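entry_17.cif follows; it contains mmCIF, C-alpha atoms and all ligand atoms.
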data_start
loop_
_atom_site.label_atom_id
_atom_site.label_comp_id
_atom_site.auth_asym_id
_atom_site.auth_seq_id
_atom_site.Cartn_x
_atom_site.Cartn_y
_atom_site.Cartn_z
CA MET Y 1 86.41 88.12 102.27
CA CYS Y 2 89.07 85.85 103.72
CA ALA Y 3 92.16 85.22 101.63
CA GLU Y 4 91.72 81.48 101.61
CA PHE Y 5 88.27 81.77 100.09
CA GLU Y 6 89.59 84.16 97.46
CA ILE Y 7 92.32 81.67 96.56
CA GLN Y 8 89.80 78.85 96.34
CA ASN Y 9 87.62 80.87 93.97
CA LYS Y 10 90.53 81.80 91.75
CA ILE Y 11 91.60 78.18 91.52
CA ILE Y 12 88.09 77.05 90.65
CA ASN Y 13 87.95 79.72 87.93
CA THR Y 14 91.35 78.68 86.67
CA PHE Y 15 90.51 74.98 86.58
CA ASP Y 16 87.05 75.36 85.18
CA THR Y 17 88.17 75.55 81.57
CA GLY Y 18 87.80 71.97 80.34
CA TYR Y 19 91.41 71.03 79.59
CA THR Y 20 91.84 67.35 78.79
CA ASP Y 21 95.24 66.53 77.29
CA GLU Y 22 98.51 66.25 79.19
CA PHE Y 23 99.88 69.55 77.93
CA GLY Y 24 96.73 71.34 78.98
CA LEU Y 25 96.88 69.74 82.39
CA ARG Y 26 100.49 70.75 82.91
CA GLU Y 27 99.73 74.29 81.84
CA LEU Y 28 96.79 74.33 84.19
CA VAL Y 29 98.87 73.19 87.16
CA SER Y 30 101.57 75.73 86.41
CA THR Y 31 99.01 78.55 86.06
CA ALA Y 32 97.39 77.51 89.33
CA SER Y 33 100.73 77.49 91.10
CA GLU Y 34 101.62 80.94 89.71
CA THR Y 35 98.24 82.21 90.83
CA MET Y 36 98.84 80.78 94.29
CA THR Y 37 102.25 82.43 94.52
CA SER Y 38 101.04 85.86 93.48
CA LEU Y 39 98.03 85.63 95.79
CA LYS Y 40 100.30 84.59 98.65
CA ILE Y 41 102.64 87.53 98.04
CA SER Y 42 99.80 90.03 97.80
CA SER Y 43 98.26 88.74 101.03
CA GLU Y 44 101.68 88.96 102.73
CA LYS Y 45 102.07 92.53 101.50
CA LYS Y 46 98.64 93.43 102.78
CA ILE Y 47 99.30 92.10 106.26
CA MET Y 48 102.76 93.68 106.44
CA LYS Y 49 101.29 97.04 105.39
CA ARG Y 50 98.81 96.72 108.24
CA PHE Y 51 101.65 96.00 110.66
CA LEU Y 52 103.83 98.86 109.34
CA LYS Y 53 100.92 101.27 109.71
CA GLU Y 54 100.58 100.23 113.36
CA VAL Y 55 104.33 100.66 113.93
CA THR Y 56 104.14 104.31 112.97
CA LYS Y 57 101.32 105.07 115.42
CA THR Y 58 102.50 106.90 118.51
CA LYS Y 59 99.35 106.16 120.49
CA ASP Y 60 97.44 102.88 120.90
CA SER Y 61 99.72 101.07 118.49
CA LEU Y 62 98.83 97.46 117.82
CA ALA Y 63 102.34 96.58 116.71
CA VAL Y 64 104.89 94.54 118.62
CA TYR Y 65 108.28 93.46 117.32
CA GLY Y 66 111.56 91.88 118.27
CA GLU Y 67 112.07 88.48 119.84
CA SER Y 68 111.60 89.20 123.55
CA GLU Y 69 108.81 91.80 123.24
CA THR Y 70 106.82 89.57 120.91
CA ARG Y 71 107.35 86.52 123.15
CA LYS Y 72 106.09 88.49 126.17
CA ALA Y 73 103.00 89.65 124.26
CA LEU Y 74 102.31 86.07 123.14
CA GLU Y 75 102.64 84.74 126.67
CA ILE Y 76 99.92 87.08 127.94
CA GLY Y 77 97.67 86.25 124.99
CA ALA Y 78 97.81 89.74 123.47
CA VAL Y 79 98.84 88.75 119.94
CA ASP Y 80 96.21 88.50 117.22
CA ILE Y 81 98.53 87.79 114.29
CA LEU Y 82 102.09 86.55 114.68
CA LEU Y 83 104.42 87.49 111.81
CA LEU Y 84 107.47 85.29 111.30
CA SER Y 85 110.01 85.74 108.52
CA GLU Y 86 110.66 82.54 106.62
CA ASN Y 87 114.32 83.58 106.58
CA LEU Y 88 114.57 83.19 110.33
CA ARG Y 89 117.36 80.68 111.02
CA LYS Y 90 117.65 80.68 114.78
CA PHE Y 91 117.39 78.24 117.62
CA ARG Y 92 116.25 78.42 121.21
CA VAL Y 93 118.81 76.43 123.18
CA LYS Y 94 118.53 75.16 126.76
CA LEU Y 95 121.82 75.19 128.67
CA VAL Y 96 122.11 73.16 131.84
CA CYS Y 97 124.79 73.02 134.55
CA SER Y 98 125.53 69.42 135.45
CA THR Y 99 126.59 70.38 139.00
CA CYS Y 100 123.84 72.64 140.32
CA ASN Y 101 121.16 71.99 137.66
CA TYR Y 102 120.81 75.69 136.94
CA PHE Y 103 119.48 76.16 133.43
CA GLU Y 104 118.81 78.99 131.03
CA TRP Y 105 117.42 79.43 127.53
CA ILE Y 106 119.37 81.41 124.97
CA THR Y 107 118.74 82.28 121.33
CA ILE Y 108 121.46 81.59 118.81
CA SER Y 109 121.68 81.67 115.03
CA GLU Y 110 122.03 78.45 113.09
CA ASP Y 111 125.51 79.53 111.91
CA ASP Y 112 126.79 80.36 115.38
CA LEU Y 113 125.45 77.14 116.84
CA GLU Y 114 127.87 75.08 114.76
CA GLU Y 115 130.92 76.36 116.60
CA PHE Y 116 129.25 77.34 119.81
CA ASN Y 117 131.27 77.10 123.05
CA THR Y 118 128.80 76.87 125.89
CA PRO Y 119 129.54 79.20 128.82
CA ASN Y 120 130.44 78.23 132.37
CA CYS Y 121 127.66 78.18 134.95
CA SER Y 122 127.05 81.60 136.45
CA LYS Y 123 125.47 80.17 139.61
CA CYS Y 124 128.13 77.82 140.96
CA ASP Y 125 131.88 77.16 140.80
CA ASN Y 126 131.63 74.35 138.29
CA LEU Y 127 134.58 74.62 135.92
CA MET Y 128 132.88 72.46 133.33
CA ARG Y 129 131.00 74.20 130.59
CA MET Y 130 127.22 74.08 130.61
CA GLU Y 131 125.64 71.46 128.40
CA ILE Y 132 123.07 71.84 125.65
CA GLU Y 133 120.05 69.87 126.83
CA ASP Y 134 117.44 70.98 124.34
CA LYS Y 135 117.26 72.78 121.01
CA ILE Y 136 114.13 74.17 119.32
CA ASP Y 137 113.79 76.02 116.03
CA LEU Y 138 112.68 79.56 116.91
CA ILE Y 139 109.85 79.39 114.35
CA ASP Y 140 108.52 76.25 116.09
CA GLU Y 141 108.83 77.81 119.55
CA PHE Y 142 106.88 80.90 118.49
CA SER Y 143 104.30 78.89 116.55
CA ASP Y 144 103.66 76.74 119.64
CA LEU Y 145 103.27 79.84 121.81
CA ALA Y 146 100.85 81.30 119.27
CA GLU Y 147 98.78 78.13 119.22
CA LYS Y 148 98.31 78.23 122.99
CA THR Y 149 96.48 81.56 122.79
CA SER Y 150 94.88 81.00 119.37
CA SER Y 151 96.99 83.58 117.56
CA ILE Y 152 97.14 83.38 113.80
CA VAL Y 153 100.62 82.56 112.47
CA GLU Y 154 101.73 84.14 109.19
CA ILE Y 155 105.04 83.02 107.70
CA ILE Y 156 106.22 85.96 105.61
CA SER Y 157 108.57 85.56 102.64
CA SER Y 158 111.03 88.16 101.39
CA SER Y 159 109.36 88.21 97.97
CA SER Y 160 108.01 91.71 98.56
CA GLU Y 161 109.66 94.83 99.95
CA GLU Y 162 107.20 94.82 102.86
CA GLY Y 163 107.92 91.17 103.61
CA ASP Y 164 111.65 91.72 103.43
CA SER Y 165 111.41 94.57 105.96
CA LEU Y 166 110.19 92.07 108.57
CA TYR Y 167 113.51 90.30 108.35
CA SER Y 168 115.80 93.26 107.80
CA ALA Y 169 114.22 95.84 110.14
CA PHE Y 170 112.46 93.78 112.83
CA ASN Y 171 114.72 90.75 113.22
CA GLY Y 172 112.13 88.51 111.61
CA ILE Y 173 109.62 88.44 114.49
CA ALA Y 174 106.65 90.77 114.98
CA GLY Y 175 102.96 90.79 115.72
CA ILE Y 176 99.69 92.64 115.40
CA LEU Y 177 98.09 92.89 118.83
CA ARG Y 178 94.53 92.25 119.95
CA TYR Y 179 94.70 95.35 122.13
CA PRO Y 180 97.34 98.02 122.73
CA LEU Y 181 99.84 97.29 125.49
CA ASP Y 182 100.61 100.13 127.84
CA ASN Y 183 104.26 100.72 128.40
ZN ZN J 1 126.11 75.42 138.23
#

What is this file in structure tokens?
Amino acid sequence: MCAEFEIQNKIINTFDTGYTDEFGLRELVSTASETMTSLKISSEKKIMKRFLKEVTKTKDSLAVYGESETRKALEIGAVDILLLSENLRKFRVKLVCSTCNYFEWITISEDDLEEFNTPNCSKCDNLMRMEIEDKIDLIDEFSDLAEKTSSIVEIISSSSEEGDSLYSAFNGIAGILRYPLDN
């Protein structure tokens, strides 16, 4: 049964108790929100366990992780479920050289971006630093990529040990593949 349906059922069960006064209503809303939270965490745990099981496979693994590997897999439409840590605070930044128009995309953390000195152009003799032309939140970039190939996006919190491992061990970006990728 899909998680959403399960949640719906639980909420209907929770609400179907005939509360009428304001206190009852408040209690009801708070219970529903607690139920939602615990259901969300347990569904996150479940999906992370599935991913971690794939990671340990030495053959035909359906796991992919890390920014560039996951991006590559998304671009060829191989990702079934994209896992993004909600703690991810990074940006994809487009640097452009005003002389030769050479551009490149780099990834930088939110903290580093504040005092970021853009590099000089590596393709020409321009002594001016490259300019930031575009800036996209990494979660948005990956969500857009996922949408293009109909991958499911799961934003994973650090509320469980499994969820936290996505951020601490896999840099916050991973995926469960539709088919194994040969290396
Ligand atoms: Zn240049």

message = For ligand ZN 1 (chain J), return the neighbouring residues as an MDAnalysis selection string (distance at most 9 Å; only C-alpha atoms and all ligand atoms).
response = chainID Y and resid 96:103 120:128 130

ask   = Nearest to Gly175 (chain Y): which of Y:Thr58, Y:Ser68, Y:Ser160, Y:Thr31 is it, counting all atoms listed in the file?
value =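 Using all atoms listed in the file, the shortest distance to Gly175 (chain Y) belongs to Y:Ser68.
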
key: Residue among Y:Val79, Y:Ile176, Y:Ile132, Y:Leu28 lying closest to Lys94 (chain Y), counting all atoms listed in the file   =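 Looking at the shortest contact to Lys94 (chain Y), the residue is Y:Ile132.
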
message = I want to know what sits within 7 Å of Ser157 (chain Y), based on all atoms listed in the file, with residues of the same chain fewer than 4 positions away left out; could you give that as a list in words?
response = Ser85, Glu86, Gly163 and Asp164 of chain Y

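Of the listed residues (Y:Ser158, Y:Ser150, Y:Asp144, Y:Glu104), Y:Ser150 comes nearest to Ala78 (chain Y); the distances count only C-alpha atoms.
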
task = Work out how far CA of Glu69 (chain Y) is from CA of Lys148 (chain Y), in Å to one decimal.
result = 17.2 Å

task = May I ask which of the residues Y:Ile76, Y:Leu84, Y:Met36, Y:Leu25 is the closest one to Leu166 (chain Y), counting only C-alpha atoms?
result =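 Looking only at the distances to Leu166 (chain Y), the closest residue turns out to be Y:Leu84.
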
request  = Write out as a PyMOL selection string which residues come within 10 Å of Ala146 (chain Y) when counting all atoms listed in the file, dropping same-chain ones fewer than 6 positions away.
outcome  = chain Y and resi 71+73-75+77-82+140+152-153

inquiry  = List as a list in words the protein and nucleic acid residues near Glu110 (chain Y), meaning an atom at most 10 Å away when only C-alpha atoms are counted, but skip any in the same chain fewer than 6 places from it.
reply    = Leu88, Arg89, Lys90, Phe91, Arg92, Phe116 and Asp137 of chain Y

task = Please provide the set of residues having any atom within 10 Å of Leu62 (chain Y), restricted to only C-alpha atoms, with same-chain residues fewer than 6 positions apart removed, written as a PyMOL selection string.
result = chain Y and resi 50-56+78-80+175-181

query = With distances taken over all atoms listed in the file, which of Y:Val93, Y:Ile156, Y:Ala169, Y:Ala174 is nearest to Ser42 (chain Y)?
reply =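 That would be Y:Ile156, the residue with the smallest distance to Ser42 (chain Y).
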
query = So, counting all atoms listed in the file, which residue among Y:Ser159, Y:Lys135, Y:Gly66, Y:Glu27 is closest to Leu113 (chain Y)?
reply =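 Among Y:Ser159, Y:Lys135, Y:Gly66, Y:Glu27, it is Y:Lys135 that comes nearest to Leu113 (chain Y).
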
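Here CA of Phe170 (chain Y) and CA of Tyr65 (chain Y) stand 6.1 Å from one another.
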